[in-house]
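Below is one structure; the comments refer to it alone.
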Amino acid sequence: MASLQRYHAKRHFDRTPEPRGAVARSRDELRFVVQKHAASTLHYDFRLEMDGVLKSWAVTKEPEADPAVKRLAVPTEDHPVEYAEFEGDIPPGEYGGGHVDLWDQGTWGPEEAPVPAYRRGKIKFELKGKRLKGRWALVRMGNAQTRKKDLWLLMKRIDADDAGA
Ligand code: MN
């Protein structure tokens with residue numbers, strides 16, 4: 001069952017303009033968003049709507065639509081679906097302080113039931129955004145050492161119909 005407990009615990013909603021939000025009802029059209037976040041370290045927050053929340057990863061560099069380029073994606077706390085509309089300034093001193101820009105948004109289509117795929121650590125999906133389109137994957141890194149840190153990779157897949165990647 002999805003929860004926003006960690007999201008709420010990290011923030012002071014009397015000080016940050018971010019939405020408090022609530023777990024949403026599941027819908028047919030699943031949203032995705034990428035927010036360029038100039039926090040202490042610039043990163044790209046990649047979020048997929050799933051189970052009434054936005055599952056979230058901090059991607060260390062701009063997502064790249066080249067199947068040869070894999071981007072490190074560090075899981076972060078689930079965000080409310082309302083967060084897909086957020087851009088603005090998180091005040092200095094608050095969690096994630098810095099400027100947030102909507103970098104891309106649209107819908108996504110999982111190729112398998114998304115929650116079990118997420119738990120298995122391999123999500124294959126299609127993006128329909130303005131910048132990001134076509135087939136992508138998020139894959140949890142496999143070796144024992146990195147698994148402790150729960151690191152994932154975001155990667156473009158080949159879009160040809162016969163590509164099994
Ligand atoms: Mn962020």
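Numbering starts fresh at 1 for the residues of each chain in the structure tokens, the chains themselves are lettered A, B, ... in the order given, and ligands are numbered from 1 as they appear.
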Set the cut-off to 9 Å, count only C-alpha atoms and all ligand atoms, and list whatever residues fall near ligand 1 as a VMD selection string.
chain A and resid 35 to 39 41 to 46 57 to 59 76 96 to 98 100
Can you write just those residues out, C-alpha atoms, as a tab-separated table (two decimals), in the first residue's frame?
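Output below, filename out_24.tsv:
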```tsv
chain	number	residue	atom	x	y	z
A	35	GLN	CA	11.78	17.98	-12.74
A	36	LYS	CA	15.13	19.70	-13.12
A	37	HIS	CA	16.11	20.44	-9.55
A	38	ALA	CA	18.90	22.86	-8.79
A	39	ALA	CA	19.42	21.69	-5.21
A	41	THR	CA	23.62	19.17	-6.52
A	42	LEU	CA	21.77	19.65	-9.81
A	43	HIS	CA	19.76	16.55	-10.69
A	44	TYR	CA	16.69	15.43	-12.60
A	45	ASP	CA	13.83	13.98	-10.56
A	46	PHE	CA	12.21	11.25	-12.61
A	57	TRP	CA	14.32	8.61	-8.64
A	58	ALA	CA	16.96	11.34	-8.62
A	59	VAL	CA	18.82	11.03	-11.91
A	76	THR	CA	13.85	8.88	-3.34
A	96	GLY	CA	15.61	20.01	-1.29
A	97	GLY	CA	16.08	23.79	-1.15
A	98	GLY	CA	16.60	25.23	-4.64
A	100	VAL	CA	12.56	23.23	-9.54
```
Which neighbours of Met50 of chain A fall inside 9 Å, counting only C-alpha atoms, when residues of the same chain fewer than 5 positions from it are skipped, and could you give them as a ChimeraX atom specification?
/A:2,26,30-31,55,114-115
Atoms to include: C-alpha atoms. Write the selected residues as a JSON list (two decimals), in the first residue's frame.
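Result saved to part-v1.json:
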```
[["chain", "number", "residue", "atom", "x", "y", "z"],
["A", 2, "ALA", "CA", 1.46, 3.34, -1.05],
["A", 26, "SER", "CA", -5.41, 4.78, -9.41],
["A", 30, "LEU", "CA", -0.52, 7.21, -15.68],
["A", 31, "ARG", "CA", 1.50, 10.41, -15.49],
["A", 55, "LYS", "CA", 7.55, 6.67, -7.56],
["A", 114, "PRO", "CA", 3.86, -1.78, -12.69],
["A", 115, "VAL", "CA", 3.89, -2.52, -8.96]]
```
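Each of A:Val74, A:Ala22, A:Met1, A:Ala9 was checked against Lys149 of chain A using only C-alpha atoms; the smallest atom-to-atom distance is that of A:Val74.
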Run DSSP on the backbone and tell me which residues of chain A come out as strand (DSSP E); list them as a PDB file with N, CA, C and O atoms, in the first residue's frame.
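For reference, states17.pdb as written:
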```pdb
ATOM      1  N   LEU A  30      -1.546   7.046 -16.712  1.00  0.00           N
ATOM      2  CA  LEU A  30      -0.518   7.214 -15.684  1.00  0.00           C
ATOM      3  C   LEU A  30       0.410   8.354 -16.096  1.00  0.00           C
ATOM      4  O   LEU A  30       0.905   8.388 -17.227  1.00  0.00           O
ATOM      5  N   ARG A  31       0.673   9.250 -15.174  1.00  0.00           N
ATOM      6  CA  ARG A  31       1.502  10.408 -15.486  1.00  0.00           C
ATOM      7  C   ARG A  31       2.972  10.130 -15.214  1.00  0.00           C
ATOM      8  O   ARG A  31       3.316   9.348 -14.334  1.00  0.00           O
ATOM      9  N   PHE A  32       3.805  10.797 -15.952  1.00  0.00           N
ATOM     10  CA  PHE A  32       5.217  10.868 -15.560  1.00  0.00           C
ATOM     11  C   PHE A  32       5.655  12.314 -15.631  1.00  0.00           C
ATOM     12  O   PHE A  32       5.060  13.139 -16.330  1.00  0.00           O
ATOM     13  N   VAL A  33       6.678  12.613 -14.880  1.00  0.00           N
ATOM     14  CA  VAL A  33       7.228  13.967 -14.893  1.00  0.00           C
ATOM     15  C   VAL A  33       8.729  13.879 -14.637  1.00  0.00           C
ATOM     16  O   VAL A  33       9.195  12.952 -13.965  1.00  0.00           O
ATOM     17  N   VAL A  34       9.449  14.818 -15.222  1.00  0.00           N
ATOM     18  CA  VAL A  34      10.864  14.986 -14.899  1.00  0.00           C
ATOM     19  C   VAL A  34      11.032  16.434 -14.462  1.00  0.00           C
ATOM     20  O   VAL A  34      10.651  17.358 -15.193  1.00  0.00           O
ATOM     21  N   GLN A  35      11.560  16.646 -13.270  1.00  0.00           N
ATOM     22  CA  GLN A  35      11.779  17.981 -12.742  1.00  0.00           C
ATOM     23  C   GLN A  35      13.276  18.238 -12.604  1.00  0.00           C
ATOM     24  O   GLN A  35      13.982  17.456 -11.964  1.00  0.00           O
ATOM     25  N   LYS A  36      13.722  19.290 -13.239  1.00  0.00           N
ATOM     26  CA  LYS A  36      15.128  19.697 -13.115  1.00  0.00           C
ATOM     27  C   LYS A  36      15.256  20.459 -11.804  1.00  0.00           C
ATOM     28  O   LYS A  36      14.586  21.474 -11.605  1.00  0.00           O
ATOM     29  N   HIS A  37      16.076  19.946 -10.938  1.00  0.00           N
ATOM     30  CA  HIS A  37      16.106  20.438  -9.554  1.00  0.00           C
ATOM     31  C   HIS A  37      17.514  20.932  -9.218  1.00  0.00           C
ATOM     32  O   HIS A  37      18.444  20.136  -9.054  1.00  0.00           O
ATOM     33  N   ALA A  38      17.614  22.245  -9.126  1.00  0.00           N
ATOM     34  CA  ALA A  38      18.905  22.865  -8.789  1.00  0.00           C
ATOM     35  C   ALA A  38      19.038  22.935  -7.271  1.00  0.00           C
ATOM     36  O   ALA A  38      18.973  23.999  -6.660  1.00  0.00           O
ATOM     37  N   LEU A  42      22.782  19.677  -8.745  1.00  0.00           N
ATOM     38  CA  LEU A  42      21.769  19.652  -9.807  1.00  0.00           C
ATOM     39  C   LEU A  42      21.452  18.208 -10.180  1.00  0.00           C
ATOM     40  O   LEU A  42      22.354  17.392 -10.363  1.00  0.00           O
ATOM     41  N   HIS A  43      20.167  17.892 -10.271  1.00  0.00           N
ATOM     42  CA  HIS A  43      19.760  16.550 -10.690  1.00  0.00           C
ATOM     43  C   HIS A  43      18.401  16.643 -11.358  1.00  0.00           C
ATOM     44  O   HIS A  43      17.776  17.713 -11.396  1.00  0.00           O
ATOM     45  N   TYR A  44      17.968  15.520 -11.896  1.00  0.00           N
ATOM     46  CA  TYR A  44      16.688  15.432 -12.603  1.00  0.00           C
ATOM     47  C   TYR A  44      15.832  14.422 -11.868  1.00  0.00           C
ATOM     48  O   TYR A  44      16.174  13.243 -11.801  1.00  0.00           O
ATOM     49  N   ASP A  45      14.715  14.880 -11.293  1.00  0.00           N
ATOM     50  CA  ASP A  45      13.829  13.978 -10.560  1.00  0.00           C
ATOM     51  C   ASP A  45      12.867  13.327 -11.541  1.00  0.00           C
ATOM     52  O   ASP A  45      12.049  14.004 -12.168  1.00  0.00           O
ATOM     53  N   PHE A  46      12.998  12.029 -11.653  1.00  0.00           N
ATOM     54  CA  PHE A  46      12.207  11.250 -12.614  1.00  0.00           C
ATOM     55  C   PHE A  46      11.120  10.546 -11.823  1.00  0.00           C
ATOM     56  O   PHE A  46      11.411   9.780 -10.901  1.00  0.00           O
ATOM     57  N   ARG A  47       9.843  10.814 -12.176  1.00  0.00           N
ATOM     58  CA  ARG A  47       8.740  10.295 -11.366  1.00  0.00           C
ATOM     59  C   ARG A  47       7.707   9.609 -12.250  1.00  0.00           C
ATOM     60  O   ARG A  47       7.266  10.160 -13.261  1.00  0.00           O
ATOM     61  N   LEU A  48       7.309   8.417 -11.837  1.00  0.00           N
ATOM     62  CA  LEU A  48       6.296   7.625 -12.533  1.00  0.00           C
ATOM     63  C   LEU A  48       5.108   7.411 -11.604  1.00  0.00           C
ATOM     64  O   LEU A  48       5.287   6.929 -10.478  1.00  0.00           O
ATOM     65  N   GLU A  49       3.912   7.757 -12.083  1.00  0.00           N
ATOM     66  CA  GLU A  49       2.711   7.500 -11.290  1.00  0.00           C
ATOM     67  C   GLU A  49       2.463   6.002 -11.202  1.00  0.00           C
ATOM     68  O   GLU A  49       2.441   5.296 -12.223  1.00  0.00           O
ATOM     69  N   MET A  50       2.272   5.534  -9.992  1.00  0.00           N
ATOM     70  CA  MET A  50       2.079   4.108  -9.748  1.00  0.00           C
ATOM     71  C   MET A  50       1.429   3.949  -8.378  1.00  0.00           C
ATOM     72  O   MET A  50       1.891   4.572  -7.424  1.00  0.00           O
ATOM     73  N   VAL A  53       0.694   7.132  -6.209  1.00  0.00           N
ATOM     74  CA  VAL A  53       1.755   8.090  -5.852  1.00  0.00           C
ATOM     75  C   VAL A  53       2.694   8.229  -7.054  1.00  0.00           C
ATOM     76  O   VAL A  53       2.538   7.547  -8.070  1.00  0.00           O
ATOM     77  N   LEU A  54       3.675   9.119  -6.922  1.00  0.00           N
ATOM     78  CA  LEU A  54       4.738   9.196  -7.918  1.00  0.00           C
ATOM     79  C   LEU A  54       5.971   8.492  -7.350  1.00  0.00           C
ATOM     80  O   LEU A  54       6.610   8.992  -6.415  1.00  0.00           O
ATOM     81  N   LYS A  55       6.287   7.319  -7.894  1.00  0.00           N
ATOM     82  CA  LYS A  55       7.553   6.667  -7.560  1.00  0.00           C
ATOM     83  C   LYS A  55       8.659   7.548  -8.122  1.00  0.00           C
ATOM     84  O   LYS A  55       8.546   8.039  -9.263  1.00  0.00           O
ATOM     85  N   SER A  56       9.719   7.744  -7.372  1.00  0.00           N
ATOM     86  CA  SER A  56      10.669   8.809  -7.707  1.00  0.00           C
ATOM     87  C   SER A  56      12.115   8.340  -7.650  1.00  0.00           C
ATOM     88  O   SER A  56      12.493   7.573  -6.758  1.00  0.00           O
ATOM     89  N   TRP A  57      12.881   8.857  -8.589  1.00  0.00           N
ATOM     90  CA  TRP A  57      14.323   8.608  -8.636  1.00  0.00           C
ATOM     91  C   TRP A  57      15.011   9.945  -8.940  1.00  0.00           C
ATOM     92  O   TRP A  57      14.546  10.703  -9.795  1.00  0.00           O
ATOM     93  N   ALA A  58      16.129  10.177  -8.282  1.00  0.00           N
ATOM     94  CA  ALA A  58      16.959  11.335  -8.616  1.00  0.00           C
ATOM     95  C   ALA A  58      18.006  10.864  -9.622  1.00  0.00           C
ATOM     96  O   ALA A  58      18.852  10.023  -9.317  1.00  0.00           O
ATOM     97  N   VAL A  59      17.897  11.405 -10.835  1.00  0.00           N
ATOM     98  CA  VAL A  59      18.818  11.026 -11.909  1.00  0.00           C
ATOM     99  C   VAL A  59      19.940  12.054 -11.929  1.00  0.00           C
ATOM    100  O   VAL A  59      19.690  13.262 -11.921  1.00  0.00           O
ATOM    101  N   LYS A  70      23.540   5.041 -20.023  1.00  0.00           N
ATOM    102  CA  LYS A  70      22.729   4.692 -18.857  1.00  0.00           C
ATOM    103  C   LYS A  70      22.955   5.747 -17.786  1.00  0.00           C
ATOM    104  O   LYS A  70      24.083   6.157 -17.542  1.00  0.00           O
ATOM    105  N   ARG A  71      21.869   6.172 -17.178  1.00  0.00           N
ATOM    106  CA  ARG A  71      21.972   7.197 -16.143  1.00  0.00           C
ATOM    107  C   ARG A  71      21.712   6.594 -14.768  1.00  0.00           C
ATOM    108  O   ARG A  71      20.740   5.846 -14.588  1.00  0.00           O
ATOM    109  N   LEU A  72      22.558   6.940 -13.815  1.00  0.00           N
ATOM    110  CA  LEU A  72      22.346   6.507 -12.447  1.00  0.00           C
ATOM    111  C   LEU A  72      21.079   7.166 -11.901  1.00  0.00           C
ATOM    112  O   LEU A  72      20.875   8.373 -12.065  1.00  0.00           O
ATOM    113  N   ALA A  73      20.228   6.353 -11.266  1.00  0.00           N
ATOM    114  CA  ALA A  73      18.944   6.826 -10.741  1.00  0.00           C
ATOM    115  C   ALA A  73      18.824   6.360  -9.287  1.00  0.00           C
ATOM    116  O   ALA A  73      18.728   5.167  -9.024  1.00  0.00           O
ATOM    117  N   VAL A  74      18.848   7.319  -8.383  1.00  0.00           N
ATOM    118  CA  VAL A  74      18.843   7.000  -6.954  1.00  0.00           C
ATOM    119  C   VAL A  74      17.412   7.133  -6.444  1.00  0.00           C
ATOM    120  O   VAL A  74      16.818   8.215  -6.549  1.00  0.00           O
ATOM    121  N   PRO A  75      16.825   6.066  -5.908  1.00  0.00           N
ATOM    122  CA  PRO A  75      15.434   6.154  -5.460  1.00  0.00           C
ATOM    123  C   PRO A  75      15.274   7.196  -4.348  1.00  0.00           C
ATOM    124  O   PRO A  75      16.137   7.319  -3.475  1.00  0.00           O
ATOM    125  N   THR A  76      14.199   7.946  -4.408  1.00  0.00           N
ATOM    126  CA  THR A  76      13.851   8.880  -3.340  1.00  0.00           C
ATOM    127  C   THR A  76      12.419   8.581  -2.902  1.00  0.00           C
ATOM    128  O   THR A  76      11.774   7.687  -3.453  1.00  0.00           O
ATOM    129  N   GLU A  77      11.947   9.309  -1.913  1.00  0.00           N
ATOM    130  CA  GLU A  77      10.635   8.982  -1.329  1.00  0.00           C
ATOM    131  C   GLU A  77       9.511   9.197  -2.342  1.00  0.00           C
ATOM    132  O   GLU A  77       9.608  10.055  -3.220  1.00  0.00           O
ATOM    133  N   ASP A  78       8.436   8.429  -2.198  1.00  0.00           N
ATOM    134  CA  ASP A  78       7.251   8.604  -3.037  1.00  0.00           C
ATOM    135  C   ASP A  78       6.715  10.024  -2.869  1.00  0.00           C
ATOM    136  O   ASP A  78       6.678  10.557  -1.755  1.00  0.00           O
ATOM    137  N   HIS A  79       6.298  10.616  -3.980  1.00  0.00           N
ATOM    138  CA  HIS A  79       5.731  11.963  -3.962  1.00  0.00           C
ATOM    139  C   HIS A  79       4.248  11.887  -4.332  1.00  0.00           C
ATOM    140  O   HIS A  79       3.824  10.977  -5.044  1.00  0.00           O
ATOM    141  N   GLY A  88       8.993  25.755  -9.058  1.00  0.00           N
ATOM    142  CA  GLY A  88       9.141  26.929  -8.210  1.00  0.00           C
ATOM    143  C   GLY A  88      10.364  26.797  -7.336  1.00  0.00           C
ATOM    144  O   GLY A  88      11.271  26.019  -7.641  1.00  0.00           O
ATOM    145  N   ASP A  89      10.359  27.576  -6.273  1.00  0.00           N
ATOM    146  CA  ASP A  89      11.546  27.638  -5.418  1.00  0.00           C
ATOM    147  C   ASP A  89      11.246  27.044  -4.051  1.00  0.00           C
ATOM    148  O   ASP A  89      10.337  27.503  -3.351  1.00  0.00           O
ATOM    149  N   ILE A  90      12.032  26.053  -3.674  1.00  0.00           N
ATOM    150  CA  ILE A  90      11.997  25.527  -2.314  1.00  0.00           C
ATOM    151  C   ILE A  90      12.998  26.380  -1.524  1.00  0.00           C
ATOM    152  O   ILE A  90      14.143  26.543  -1.949  1.00  0.00           O
ATOM    153  N   GLY A  98      16.083  24.907  -3.313  1.00  0.00           N
ATOM    154  CA  GLY A  98      16.598  25.231  -4.638  1.00  0.00           C
ATOM    155  C   GLY A  98      15.455  25.313  -5.634  1.00  0.00           C
ATOM    156  O   GLY A  98      14.295  25.096  -5.290  1.00  0.00           O
ATOM    157  N   HIS A  99      15.809  25.641  -6.862  1.00  0.00           N
ATOM    158  CA  HIS A  99      14.792  25.863  -7.886  1.00  0.00           C
ATOM    159  C   HIS A  99      14.389  24.554  -8.575  1.00  0.00           C
ATOM    160  O   HIS A  99      15.239  23.712  -8.867  1.00  0.00           O
ATOM    161  N   VAL A 100      13.101  24.405  -8.838  1.00  0.00           N
ATOM    162  CA  VAL A 100      12.564  23.231  -9.539  1.00  0.00           C
ATOM    163  C   VAL A 100      11.882  23.701 -10.819  1.00  0.00           C
ATOM    164  O   VAL A 100      11.008  24.571 -10.774  1.00  0.00           O
ATOM    165  N   ASP A 101      12.301  23.155 -11.946  1.00  0.00           N
ATOM    166  CA  ASP A 101      11.662  23.418 -13.246  1.00  0.00           C
ATOM    167  C   ASP A 101      11.027  22.138 -13.762  1.00  0.00           C
ATOM    168  O   ASP A 101      11.639  21.082 -13.691  1.00  0.00           O
ATOM    169  N   LEU A 102       9.823  22.282 -14.323  1.00  0.00           N
ATOM    170  CA  LEU A 102       9.248  21.135 -15.049  1.00  0.00           C
ATOM    171  C   LEU A 102      10.067  20.956 -16.319  1.00  0.00           C
ATOM    172  O   LEU A 102      10.078  21.834 -17.174  1.00  0.00           O
ATOM    173  N   TRP A 103      10.715  19.833 -16.443  1.00  0.00           N
ATOM    174  CA  TRP A 103      11.609  19.597 -17.580  1.00  0.00           C
ATOM    175  C   TRP A 103      10.895  18.772 -18.648  1.00  0.00           C
ATOM    176  O   TRP A 103      11.116  18.939 -19.842  1.00  0.00           O
ATOM    177  N   ASP A 104      10.042  17.872 -18.199  1.00  0.00           N
ATOM    178  CA  ASP A 104       9.209  17.111 -19.131  1.00  0.00           C
ATOM    179  C   ASP A 104       8.029  16.543 -18.365  1.00  0.00           C
ATOM    180  O   ASP A 104       8.119  16.319 -17.151  1.00  0.00           O
ATOM    181  N   GLN A 105       6.920  16.353 -19.053  1.00  0.00           N
ATOM    182  CA  GLN A 105       5.783  15.677 -18.455  1.00  0.00           C
ATOM    183  C   GLN A 105       4.948  15.054 -19.552  1.00  0.00           C
ATOM    184  O   GLN A 105       5.020  15.464 -20.707  1.00  0.00           O
ATOM    185  N   GLY A 106       4.191  14.056 -19.167  1.00  0.00           N
ATOM    186  CA  GLY A 106       3.360  13.351 -20.127  1.00  0.00           C
ATOM    187  C   GLY A 106       2.766  12.123 -19.462  1.00  0.00           C
ATOM    188  O   GLY A 106       2.535  12.123 -18.244  1.00  0.00           O
ATOM    189  N   THR A 107       2.531  11.106 -20.277  1.00  0.00           N
ATOM    190  CA  THR A 107       1.999   9.856 -19.728  1.00  0.00           C
ATOM    191  C   THR A 107       2.996   8.742 -19.997  1.00  0.00           C
ATOM    192  O   THR A 107       3.879   8.856 -20.855  1.00  0.00           O
ATOM    193  N   TRP A 108       2.855   7.674 -19.223  1.00  0.00           N
ATOM    194  CA  TRP A 108       3.730   6.517 -19.421  1.00  0.00           C
ATOM    195  C   TRP A 108       2.886   5.255 -19.446  1.00  0.00           C
ATOM    196  O   TRP A 108       1.800   5.202 -18.861  1.00  0.00           O
ATOM    197  N   GLY A 109       3.389   4.276 -20.167  1.00  0.00           N
ATOM    198  CA  GLY A 109       2.687   3.000 -20.282  1.00  0.00           C
ATOM    199  C   GLY A 109       3.595   1.864 -19.864  1.00  0.00           C
ATOM    200  O   GLY A 109       4.610   1.607 -20.532  1.00  0.00           O
ATOM    201  N   PRO A 110       3.302   1.216 -18.737  1.00  0.00           N
ATOM    202  CA  PRO A 110       4.107   0.064 -18.338  1.00  0.00           C
ATOM    203  C   PRO A 110       3.843  -1.119 -19.249  1.00  0.00           C
ATOM    204  O   PRO A 110       2.728  -1.284 -19.736  1.00  0.00           O
ATOM    205  N   LYS A 122      12.789  -4.114 -12.153  1.00  0.00           N
ATOM    206  CA  LYS A 122      12.955  -3.935 -13.585  1.00  0.00           C
ATOM    207  C   LYS A 122      11.622  -3.487 -14.190  1.00  0.00           C
ATOM    208  O   LYS A 122      10.681  -4.274 -14.271  1.00  0.00           O
ATOM    209  N   ILE A 123      11.574  -2.227 -14.579  1.00  0.00           N
ATOM    210  CA  ILE A 123      10.343  -1.649 -15.131  1.00  0.00           C
ATOM    211  C   ILE A 123      10.614  -1.282 -16.581  1.00  0.00           C
ATOM    212  O   ILE A 123      11.514  -0.487 -16.875  1.00  0.00           O
ATOM    213  N   LYS A 124       9.858  -1.879 -17.478  1.00  0.00           N
ATOM    214  CA  LYS A 124       9.963  -1.542 -18.900  1.00  0.00           C
ATOM    215  C   LYS A 124       8.705  -0.777 -19.283  1.00  0.00           C
ATOM    216  O   LYS A 124       7.598  -1.176 -18.935  1.00  0.00           O
ATOM    217  N   PHE A 125       8.913   0.319 -19.990  1.00  0.00           N
ATOM    218  CA  PHE A 125       7.774   1.205 -20.222  1.00  0.00           C
ATOM    219  C   PHE A 125       7.992   2.070 -21.445  1.00  0.00           C
ATOM    220  O   PHE A 125       9.092   2.159 -21.982  1.00  0.00           O
ATOM    221  N   GLU A 126       6.892   2.717 -21.834  1.00  0.00           N
ATOM    222  CA  GLU A 126       6.939   3.678 -22.925  1.00  0.00           C
ATOM    223  C   GLU A 126       6.615   5.053 -22.368  1.00  0.00           C
ATOM    224  O   GLU A 126       5.712   5.196 -21.538  1.00  0.00           O
ATOM    225  N   LEU A 127       7.345   6.052 -22.816  1.00  0.00           N
ATOM    226  CA  LEU A 127       7.092   7.431 -22.398  1.00  0.00           C
ATOM    227  C   LEU A 127       6.458   8.204 -23.543  1.00  0.00           C
ATOM    228  O   LEU A 127       6.883   8.082 -24.697  1.00  0.00           O
ATOM    229  N   LYS A 128       5.450   8.991 -23.192  1.00  0.00           N
ATOM    230  CA  LYS A 128       4.861   9.920 -24.143  1.00  0.00           C
ATOM    231  C   LYS A 128       4.969  11.308 -23.537  1.00  0.00           C
ATOM    232  O   LYS A 128       4.035  11.821 -22.923  1.00  0.00           O
ATOM    233  N   GLY A 129       6.140  11.890 -23.661  1.00  0.00           N
ATOM    234  CA  GLY A 129       6.373  13.236 -23.148  1.00  0.00           C
ATOM    235  C   GLY A 129       6.718  14.164 -24.284  1.00  0.00           C
ATOM    236  O   GLY A 129       6.630  13.792 -25.460  1.00  0.00           O
ATOM    237  N   LYS A 133      10.458  10.220 -25.231  1.00  0.00           N
ATOM    238  CA  LYS A 133       9.464   9.410 -25.927  1.00  0.00           C
ATOM    239  C   LYS A 133      10.017   8.007 -26.110  1.00  0.00           C
ATOM    240  O   LYS A 133      11.228   7.786 -25.989  1.00  0.00           O
ATOM    241  N   GLY A 134       9.126   7.088 -26.448  1.00  0.00           N
ATOM    242  CA  GLY A 134       9.560   5.751 -26.814  1.00  0.00           C
ATOM    243  C   GLY A 134       9.828   4.856 -25.611  1.00  0.00           C
ATOM    244  O   GLY A 134       9.372   5.124 -24.505  1.00  0.00           O
ATOM    245  N   ARG A 135      10.597   3.815 -25.876  1.00  0.00           N
ATOM    246  CA  ARG A 135      10.760   2.740 -24.890  1.00  0.00           C
ATOM    247  C   ARG A 135      11.955   3.001 -23.980  1.00  0.00           C
ATOM    248  O   ARG A 135      13.060   3.273 -24.453  1.00  0.00           O
ATOM    249  N   TRP A 136      11.716   2.884 -22.698  1.00  0.00           N
ATOM    250  CA  TRP A 136      12.727   3.116 -21.672  1.00  0.00           C
ATOM    251  C   TRP A 136      12.683   1.978 -20.658  1.00  0.00           C
ATOM    252  O   TRP A 136      11.751   1.169 -20.665  1.00  0.00           O
ATOM    253  N   ALA A 137      13.649   1.951 -19.770  1.00  0.00           N
ATOM    254  CA  ALA A 137      13.623   0.997 -18.656  1.00  0.00           C
ATOM    255  C   ALA A 137      14.309   1.605 -17.448  1.00  0.00           C
ATOM    256  O   ALA A 137      15.224   2.434 -17.578  1.00  0.00           O
ATOM    257  N   LEU A 138      13.848   1.187 -16.299  1.00  0.00           N
ATOM    258  CA  LEU A 138      14.527   1.451 -15.027  1.00  0.00           C
ATOM    259  C   LEU A 138      14.881   0.100 -14.440  1.00  0.00           C
ATOM    260  O   LEU A 138      13.997  -0.762 -14.271  1.00  0.00           O
ATOM    261  N   VAL A 139      16.147  -0.094 -14.126  1.00  0.00           N
ATOM    262  CA  VAL A 139      16.622  -1.405 -13.694  1.00  0.00           C
ATOM    263  C   VAL A 139      17.470  -1.245 -12.435  1.00  0.00           C
ATOM    264  O   VAL A 139      18.400  -0.423 -12.412  1.00  0.00           O
ATOM    265  N   ARG A 140      17.121  -1.982 -11.413  1.00  0.00           N
ATOM    266  CA  ARG A 140      17.913  -1.955 -10.178  1.00  0.00           C
ATOM    267  C   ARG A 140      19.239  -2.659 -10.425  1.00  0.00           C
ATOM    268  O   ARG A 140      19.273  -3.732 -11.029  1.00  0.00           O
ATOM    269  N   TRP A 152      19.620   2.386  -9.112  1.00  0.00           N
ATOM    270  CA  TRP A 152      18.981   1.952 -10.355  1.00  0.00           C
ATOM    271  C   TRP A 152      19.668   2.644 -11.526  1.00  0.00           C
ATOM    272  O   TRP A 152      20.400   3.614 -11.344  1.00  0.00           O
ATOM    273  N   LEU A 153      19.369   2.123 -12.716  1.00  0.00           N
ATOM    274  CA  LEU A 153      19.815   2.770 -13.944  1.00  0.00           C
ATOM    275  C   LEU A 153      18.585   3.109 -14.788  1.00  0.00           C
ATOM    276  O   LEU A 153      17.664   2.295 -14.921  1.00  0.00           O
ATOM    277  N   LEU A 154      18.595   4.312 -15.332  1.00  0.00           N
ATOM    278  CA  LEU A 154      17.565   4.730 -16.297  1.00  0.00           C
ATOM    279  C   LEU A 154      18.181   4.626 -17.674  1.00  0.00           C
ATOM    280  O   LEU A 154      19.276   5.173 -17.901  1.00  0.00           O
ATOM    281  N   MET A 155      17.520   3.948 -18.564  1.00  0.00           N
ATOM    282  CA  MET A 155      18.099   3.773 -19.900  1.00  0.00           C
ATOM    283  C   MET A 155      17.039   3.780 -20.986  1.00  0.00           C
ATOM    284  O   MET A 155      15.916   3.331 -20.800  1.00  0.00           O
ATOM    285  N   LYS A 156      17.441   4.313 -22.105  1.00  0.00           N
ATOM    286  CA  LYS A 156      16.624   4.255 -23.322  1.00  0.00           C
ATOM    287  C   LYS A 156      16.768   2.867 -23.911  1.00  0.00           C
ATOM    288  O   LYS A 156      17.841   2.264 -23.846  1.00  0.00           O
TER     289      LYS A 156
END
```
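Across segment 44-152 of chain A, DSSP run on the backbone finds alpha helix (DSSP H) at Pro114, Val115, Pro116, Ala117, Tyr118, Arg119, Arg120, Ala144, Gln145, Thr146, Arg147, Lys148 and Lys149 of chain A.
Excluding segment 23-25 of chain A itself and any same-chain residue fewer than 5 positions from it, the protein and nucleic acid residues within 7 Å of it, counting only C-alpha atoms, are Ser3, Leu4, Gly52, Val53, Pro80 and Val81 of chain A.
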I'd like the interatomic distance between atom CA of Asp51 of chain A and atom CA of Glu85 of chain A, to a tenth of an Å.
18.1 Å
